[in-house]
$ cat final.tsv   # TSV, C-alpha atoms and all ligand atoms
chain	number	residue	atom	x	y	z
A	118	MET	CA	0.00	0.00	0.00
A	119	ARG	CA	1.39	3.34	-1.06
A	120	PHE	CA	0.70	6.77	0.43
A	121	ILE	CA	1.23	9.61	-2.05
A	122	ILE	CA	1.52	13.22	-0.93
A	123	GLU	CA	1.13	15.71	-3.79
A	124	HIS	CA	2.97	18.79	-2.52
A	125	LEU	CA	0.82	21.81	-3.43
A	126	ASP	CA	2.45	24.67	-1.55
A	127	PRO	CA	5.13	26.87	-3.17
A	128	GLU	CA	7.84	25.74	-0.72
A	129	VAL	CA	8.41	23.08	1.90
A	130	PHE	CA	7.75	25.41	4.83
A	131	ARG	CA	8.98	24.37	8.28
A	132	TRP	CA	5.47	23.38	9.47
A	133	CYS	CA	5.03	21.32	6.32
A	134	GLU	CA	8.45	19.69	6.80
A	135	LEU	CA	7.46	18.59	10.31
A	136	GLU	CA	4.18	17.11	9.00
A	137	TYR	CA	6.00	15.29	6.17
A	138	LYS	CA	8.59	13.84	8.59
A	139	HIS	CA	5.73	12.63	10.75
A	140	ILE	CA	4.12	10.97	7.69
A	141	SER	CA	7.38	9.17	6.79
A	142	LEU	CA	7.55	7.82	10.35
A	143	VAL	CA	3.87	6.83	10.50
A	144	VAL	CA	3.75	4.85	7.24
A	145	SER	CA	7.54	4.31	6.93
A	146	GLU	CA	9.75	5.74	4.21
A	147	GLU	CA	9.37	2.84	1.78
A	148	ASN	CA	5.60	3.34	1.57
A	149	VAL	CA	5.52	7.09	0.98
A	150	VAL	CA	5.98	9.11	-2.21
A	151	PHE	CA	6.15	12.91	-2.19
A	152	THR	CA	5.26	14.20	-5.67
A	153	ASN	CA	5.45	17.68	-7.22
A	154	VAL	CA	8.46	18.63	-5.06
A	155	ARG	CA	10.29	21.34	-7.02
A	156	SER	CA	12.59	22.40	-4.17
A	157	GLY	CA	13.30	21.39	-0.60
A	158	ALA	CA	13.66	17.66	-1.40
A	159	ASP	CA	16.59	17.50	1.06
A	160	LYS	CA	14.11	18.10	3.91
A	161	LEU	CA	12.11	14.94	3.12
A	162	SER	CA	12.59	11.21	3.47
A	163	GLY	CA	10.91	8.64	1.27
A	164	ARG	CA	10.58	8.54	-2.52
A	165	ILE	CA	10.63	12.09	-3.85
A	166	GLU	CA	9.45	13.07	-7.32
A	167	GLU	CA	9.69	16.44	-9.03
A	168	LYS	CA	6.80	15.50	-11.34
A	169	SER	CA	3.19	15.80	-10.31
A	170	VAL	CA	1.15	12.70	-9.49
A	171	LYS	CA	-0.96	13.64	-12.51
A	172	GLU	CA	2.00	12.81	-14.79
A	173	LEU	CA	3.17	9.80	-12.76
A	174	LYS	CA	-0.29	8.28	-12.37
A	175	PRO	CA	0.41	5.10	-14.42
A	176	ASP	CA	3.14	4.14	-11.88
A	177	PHE	CA	0.73	4.05	-8.97
A	178	GLY	CA	-1.98	1.56	-9.93
A	179	LYS	CA	-5.49	2.24	-8.71
A	180	ILE	CA	-5.52	5.50	-6.79
A	181	CYS	CA	-8.02	6.68	-4.15
A	182	ILE	CA	-8.00	10.41	-3.40
A	183	LEU	CA	-8.67	11.52	0.17
A	184	ASP	CA	-10.91	14.54	-0.21
A	185	PRO	CA	-13.12	16.07	2.53
A	186	LYS	CA	-15.76	16.71	-0.16
A	187	ALA	CA	-16.16	13.02	-1.05
A	188	LYS	CA	-19.53	11.47	-0.24
A	189	LYS	CA	-18.16	8.09	0.92
A	190	THR	CA	-16.03	7.63	4.05
A	191	LEU	CA	-12.83	5.58	3.84
A	192	SER	CA	-13.40	2.06	5.21
A	193	PRO	CA	-11.12	-0.89	6.09
A	194	ASP	CA	-12.39	-2.71	2.95
A	195	ASP	CA	-10.89	0.03	0.73
A	196	ALA	CA	-7.44	-1.42	1.48
A	197	SER	CA	-8.12	-4.21	-1.00
A	198	LEU	CA	-9.73	-1.97	-3.64
A	199	PHE	CA	-6.85	0.46	-4.21
A	200	ASP	CA	-3.06	0.34	-4.64
A	201	SER	CA	-2.36	3.94	-3.60
A	202	PHE	CA	-3.94	6.63	-1.43
A	203	LEU	CA	-3.41	10.23	-2.45
A	204	PHE	CA	-3.39	13.27	-0.13
A	205	GLY	CA	-2.96	16.98	-0.76
A	206	GLY	CA	0.33	18.21	0.71
A	207	VAL	CA	-1.02	21.56	1.76
A	208	LEU	CA	-1.30	23.50	4.99
A	209	GLY	CA	-4.97	23.87	5.84
A	210	ASN	CA	-6.76	27.07	5.00
A	211	HIS	CA	-9.41	27.91	7.54
A	212	PRO	CA	-12.27	27.76	6.71
A	213	MET	CA	-11.81	24.91	4.25
A	214	ASP	CA	-11.41	26.08	0.69
A	215	GLY	CA	-12.05	22.93	-1.38
A	216	ARG	CA	-8.46	22.93	-2.64
A	217	THR	CA	-8.21	19.12	-2.64
A	218	GLU	CA	-11.20	18.93	-4.96
A	219	LYS	CA	-9.94	21.74	-7.22
A	220	GLU	CA	-6.33	20.59	-7.48
A	221	LEU	CA	-6.69	16.82	-7.29
A	222	SER	CA	-10.17	15.24	-7.54
A	223	ALA	CA	-11.45	17.48	-10.35
A	224	GLN	CA	-8.24	16.97	-12.33
A	225	MET	CA	-8.15	13.18	-11.88
A	226	PRO	CA	-11.78	12.28	-12.58
A	227	ASP	CA	-11.00	8.59	-13.16
A	228	CYS	CA	-9.92	8.18	-9.51
A	229	GLU	CA	-12.39	7.36	-6.74
A	230	ILE	CA	-12.56	9.67	-3.73
A	231	ARG	CA	-13.17	9.08	-0.03
A	232	ASN	CA	-13.55	11.36	2.99
A	233	LEU	CA	-12.30	11.09	6.56
A	234	GLY	CA	-15.32	12.94	7.86
A	235	ASP	CA	-16.30	16.44	6.83
A	236	VAL	CA	-13.88	18.35	9.09
A	237	GLN	CA	-10.43	19.31	7.82
A	238	MET	CA	-7.42	17.50	9.31
A	239	SER	CA	-3.76	18.33	8.89
A	240	THR	CA	-2.15	16.21	6.13
A	241	ASP	CA	-0.18	14.09	8.62
A	242	THR	CA	-3.33	13.49	10.69
A	243	ALA	CA	-5.21	12.45	7.53
A	244	VAL	CA	-2.44	9.95	6.68
A	245	LEU	CA	-2.37	8.58	10.24
A	246	VAL	CA	-6.17	8.21	10.30
A	247	ALA	CA	-6.11	6.47	6.90
A	248	LYS	CA	-3.46	4.08	8.23
A	249	ARG	CA	-5.57	3.30	11.30
A	250	ILE	CA	-8.54	2.53	9.01
A	251	LEU	CA	-6.75	0.66	6.20
A	252	VAL	CA	-3.92	-1.12	8.00
A	253	ASP	CA	-5.16	-1.44	11.59
A	254	LYS	CA	-8.76	-2.00	10.37
A	255	ILE	CA	-10.35	0.44	12.84
A	256	PRO	CA	-13.50	1.97	11.30
A	257	PHE	CA	-13.60	5.77	11.16
A	258	ASP	CA	-16.43	6.03	13.71
A	259	LYS	CA	-14.40	4.10	16.32
A	260	LEU	CA	-11.55	6.62	16.28
A	261	GLU	CA	-11.42	9.51	18.77
A	262	PHE	CA	-10.88	13.08	17.59
A	263	LYS	CA	-10.60	16.60	18.91
A	264	ASP	CA	-11.63	19.48	16.67
A	265	GLU	CA	-9.44	22.51	17.23
A	266	ILE	CA	-6.61	22.37	19.74
A	267	GLU	CA	-5.00	25.15	21.71
A	268	ILE	CA	-1.24	25.23	22.22
A	269	GLU	CA	-0.12	27.29	25.24
A	270	LEU	CA	2.93	29.39	24.43
A	271	ASP	CA	5.65	30.52	26.86
A	272	ASP	CA	4.63	34.19	26.74
A	273	GLY	CA	1.13	33.57	28.12
A	274	PHE	CA	-0.44	33.61	24.66
A	275	SER	CA	-1.80	30.56	22.92
A	276	ASN	CA	-2.06	29.34	19.37
A	277	ILE	CA	-5.29	27.75	18.13
A	278	LEU	CA	-4.96	25.03	15.50
A	279	PRO	CA	-8.42	24.95	13.89
A	280	TYR	CA	-8.14	21.39	12.53
A	281	ARG	CA	-9.27	17.93	13.60
A	282	TYR	CA	-6.63	15.84	15.39
A	283	LEU	CA	-6.61	12.15	16.30
A	284	ILE	CA	-6.59	11.42	20.03
A	285	GLU	CA	-4.44	8.50	21.14
A	286	ASP	CA	-3.47	7.69	24.73
A	287	GLY	CA	-5.61	10.66	25.78
A	288	LYS	CA	-3.63	13.23	23.76
A	289	PRO	CA	-3.79	14.75	20.27
A	290	VAL	CA	-1.17	13.22	17.98
A	291	LEU	CA	1.03	16.01	16.64
A	292	PRO	CA	4.19	16.02	14.52
A	293	TYR	CA	7.40	15.83	16.57
A	294	GLY	CA	8.79	19.32	16.99
A	295	LEU	CA	5.56	21.18	16.12
A	296	ILE	CA	4.96	22.57	19.62
A	297	ASP	CA	8.58	23.71	19.84
A	298	TYR	CA	8.25	25.33	16.41
A	299	LEU	CA	5.07	27.16	17.43
A	300	MET	CA	6.74	28.34	20.66
A	301	HIS	CA	9.71	29.81	18.84
A	302	GLU	CA	8.42	30.90	15.46
A	303	ASP	CA	8.90	34.60	14.93
A	304	GLU	CA	7.25	36.97	12.46
A	305	THR	CA	9.81	36.25	9.78
A	306	ASN	CA	8.93	32.56	9.78
A	307	GLN	CA	6.40	31.54	7.17
A	308	MET	CA	4.09	28.64	8.00
B	1	LIG	C1	-4.90	20.37	5.45
B	1	LIG	S1	-5.87	19.36	4.38
B	1	LIG	C2	-6.28	20.57	3.15
B	1	LIG	C3	-7.75	20.55	2.80
B	1	LIG	C4	-8.12	21.69	1.85
B	1	LIG	N1	-8.08	22.98	2.54
B	1	LIG	C5	-9.52	21.46	1.29
B	1	LIG	O1	-10.46	22.17	1.63
B	1	LIG	O2	-9.66	20.54	0.47
B	1	LIG	C6	-4.58	18.42	3.59
B	1	LIG	C7	-5.00	17.08	2.97
B	1	LIG	O3	-5.38	16.15	3.98
B	1	LIG	C8	-6.43	15.30	3.50
B	1	LIG	N2	-7.59	15.54	4.37
B	1	LIG	C9	-7.68	16.38	5.44
B	1	LIG	N3	-8.88	16.31	6.01
B	1	LIG	C10	-9.60	15.39	5.32
B	1	LIG	C11	-10.92	14.88	5.43
B	1	LIG	N4	-11.75	15.28	6.39
B	1	LIG	N5	-11.31	13.96	4.52
B	1	LIG	C12	-10.49	13.52	3.54
B	1	LIG	N6	-9.21	13.98	3.39
B	1	LIG	C13	-8.78	14.90	4.27
B	1	LIG	C14	-6.72	15.71	2.06
B	1	LIG	O4	-6.02	14.84	1.19
B	1	LIG	C15	-6.17	17.15	2.03
B	1	LIG	O5	-5.78	17.53	0.72
$ encode --input "final.tsv" --output "structure tokens" --more "lines below"
Ligand SMILES: C[S@@+](CC[C@H](N)C(=O)[O-])C[C@H]1O[C@@H](n2cnc3c(N)ncnc32)[C@H](O)[C@@H]1O
Amino acid sequence: MRFIIEHLDPEVFRWCELEYKHISLVVSEENVVFTNVRSGADKLSGRIEEKSVKELKPDFGKICILDPKAKKTLSPDDASLFDSFLFGGVLGNHPMDGRTEKELSAQMPDCEIRNLGDVQMSTDTAVLVAKRILVDKIPFDKLEFKDEIEIELDDGFSNILPYRYLIEDGKPVLPYGLIDYLMHEDETNQM
């Protein structure tokens, strides 16, 4: 089973890098392909392709696109229906802007699409949730989530992440280093 991340942002920003590293750990490097990476490949681990998934499609067998706008929810049985699962490598815009549909589903109309609920998750959360469903065979409605999390910063302020996160062992699962990054990012840092 292959997990494809079509990078859609202009750069591999630090936040994105942390999410992508988390993805490589979650599904392991040999099962992940980052496509459409024009620069910043040195920050990633796994198979990295400069070309878009739209050009490389024949390499990837039967592809399922994970799109919040899909009508059907991903189920454990989908593991045997598809060879590859495709995600948008994009930092979430809040509110959701339908970018997955515009940039992936609408341009690859021969691929089936599935949702992971109708609330936007970070890309690494979406990959982790898909792995729990497809590999660990836990149906979507048996997973625990928290919508919107608040990260307390050192200076008394806090940062709200307006996305859905998976709860495991009583805590939201976040990329390693994200809290530290949010604590120390300054105004010159782009997300
Ligand atoms: C941060 S989300 C971006 C979503 C984008 N703003 C939109 O409205 O389509 C990054 C990727 O994670 C996956 N994803 C996140 N939440 C999802 C959901 N609820 N259902 C299916 N896929 C989801 C999609 O592949 C999406 O492209």
$ atom_distance --input "final.tsv" --atom1 "atom CA of A:Cys133" --atom2 "atom CA of A:Gly273"
25.3 Å
$ residues_near_ligand --input "final.tsv" --ligand "ligand LIG 1 (chain B)" --cutoff "9 Å" --atoms "only C-alpha atoms and all ligand atoms" --output "ChimeraX atom specification"
/A:122-123,125,182-187,190-191,202-221,230-244,247,280-281
$ closest_residue --input "final.tsv" --among "A:Glu269, A:Lys189, A:Phe274, A:Glu261" --to "A:Val290" --atoms "all atoms listed in the file"
A:Glu261
$ atom_distance --input "final.tsv" --atom1 "atom CA of A:Leu142" --atom2 "atom CA of A:Pro175"
25.9 Å
$ residues_around --input "final.tsv" --residues "A:Ile296" --least-positions-apart "2" --cutoff "12 Å" --atoms "only C-alpha atoms" --output "PDB file with C-alpha atoms, keeping the file's coordinate frame"
ATOM      1  CA  TRP A 132       5.470  23.380   9.470  1.00  0.00           C
ATOM      2  CA  LEU A 135       7.460  18.590  10.310  1.00  0.00           C
ATOM      3  CA  GLU A 136       4.180  17.110   9.000  1.00  0.00           C
ATOM      4  CA  ILE A 266      -6.610  22.370  19.740  1.00  0.00           C
ATOM      5  CA  GLU A 267      -5.000  25.150  21.710  1.00  0.00           C
ATOM      6  CA  ILE A 268      -1.240  25.230  22.220  1.00  0.00           C
ATOM      7  CA  GLU A 269      -0.120  27.290  25.240  1.00  0.00           C
ATOM      8  CA  LEU A 270       2.930  29.390  24.430  1.00  0.00           C
ATOM      9  CA  ASP A 271       5.650  30.520  26.860  1.00  0.00           C
ATOM     10  CA  SER A 275      -1.800  30.560  22.920  1.00  0.00           C
ATOM     11  CA  ASN A 276      -2.060  29.340  19.370  1.00  0.00           C
ATOM     12  CA  ILE A 277      -5.290  27.750  18.130  1.00  0.00           C
ATOM     13  CA  LEU A 278      -4.960  25.030  15.500  1.00  0.00           C
ATOM     14  CA  PRO A 289      -3.790  14.750  20.270  1.00  0.00           C
ATOM     15  CA  VAL A 290      -1.170  13.220  17.980  1.00  0.00           C
ATOM     16  CA  LEU A 291       1.030  16.010  16.640  1.00  0.00           C
ATOM     17  CA  PRO A 292       4.190  16.020  14.520  1.00  0.00           C
ATOM     18  CA  TYR A 293       7.400  15.830  16.570  1.00  0.00           C
ATOM     19  CA  GLY A 294       8.790  19.320  16.990  1.00  0.00           C
ATOM     20  CA  TYR A 298       8.250  25.330  16.410  1.00  0.00           C
ATOM     21  CA  LEU A 299       5.070  27.160  17.430  1.00  0.00           C
ATOM     22  CA  MET A 300       6.740  28.340  20.660  1.00  0.00           C
ATOM     23  CA  HIS A 301       9.710  29.810  18.840  1.00  0.00           C
ATOM     24  CA  GLU A 302       8.420  30.900  15.460  1.00  0.00           C
TER      25      GLU A 302
END
$ closest_residue --input "final.tsv" --among "A:Lys288, A:His124, A:Lys179, A:Lys259" --to "A:Val246" --atoms "only C-alpha atoms"
A:Lys259
$ closest_residue --input "final.tsv" --among "A:Lys138, A:Lys248, A:Lys188, A:Arg119" --to "A:Asp159" --atoms "only C-alpha atoms"
A:Lys138
$ atom_distance --input "final.tsv" --atom1 "atom CA of A:Ile165" --atom2 "atom CA of A:Glu147"
10.9 Å
$ residues_near_point --input "final.tsv" --point "(-8.3, 11.4, 18.8)" --cutoff "7 Å" --atoms "only C-alpha atoms" --output "mmCIF file with C-alpha atoms, keeping the file's coordinate frame"
data_model
loop_
_atom_site.group_PDB
_atom_site.id
_atom_site.type_symbol
_atom_site.label_atom_id
_atom_site.label_comp_id
_atom_site.auth_asym_id
_atom_site.auth_seq_id
_atom_site.Cartn_x
_atom_site.Cartn_y
_atom_site.Cartn_z
ATOM 1 C CA LEU A 260 -11.550 6.620 16.280
ATOM 2 C CA GLU A 261 -11.420 9.510 18.770
ATOM 3 C CA PHE A 262 -10.880 13.080 17.590
ATOM 4 C CA LYS A 263 -10.600 16.600 18.910
ATOM 5 C CA TYR A 282 -6.630 15.840 15.390
ATOM 6 C CA LEU A 283 -6.610 12.150 16.300
ATOM 7 C CA ILE A 284 -6.590 11.420 20.030
ATOM 8 C CA GLU A 285 -4.440 8.500 21.140
ATOM 9 C CA PRO A 289 -3.790 14.750 20.270
#
$ closest_residue --input "final.tsv" --among "A:Gln224, A:Phe120, A:Pro193, A:Glu146" --to "A:Gly178" --atoms "all atoms listed in the file"
A:Phe120
$ closest_residue --input "final.tsv" --among "A:Leu161, A:Ile180, A:Leu198, A:Val129" --to "A:Val149" --atoms "all atoms listed in the file"
A:Leu161
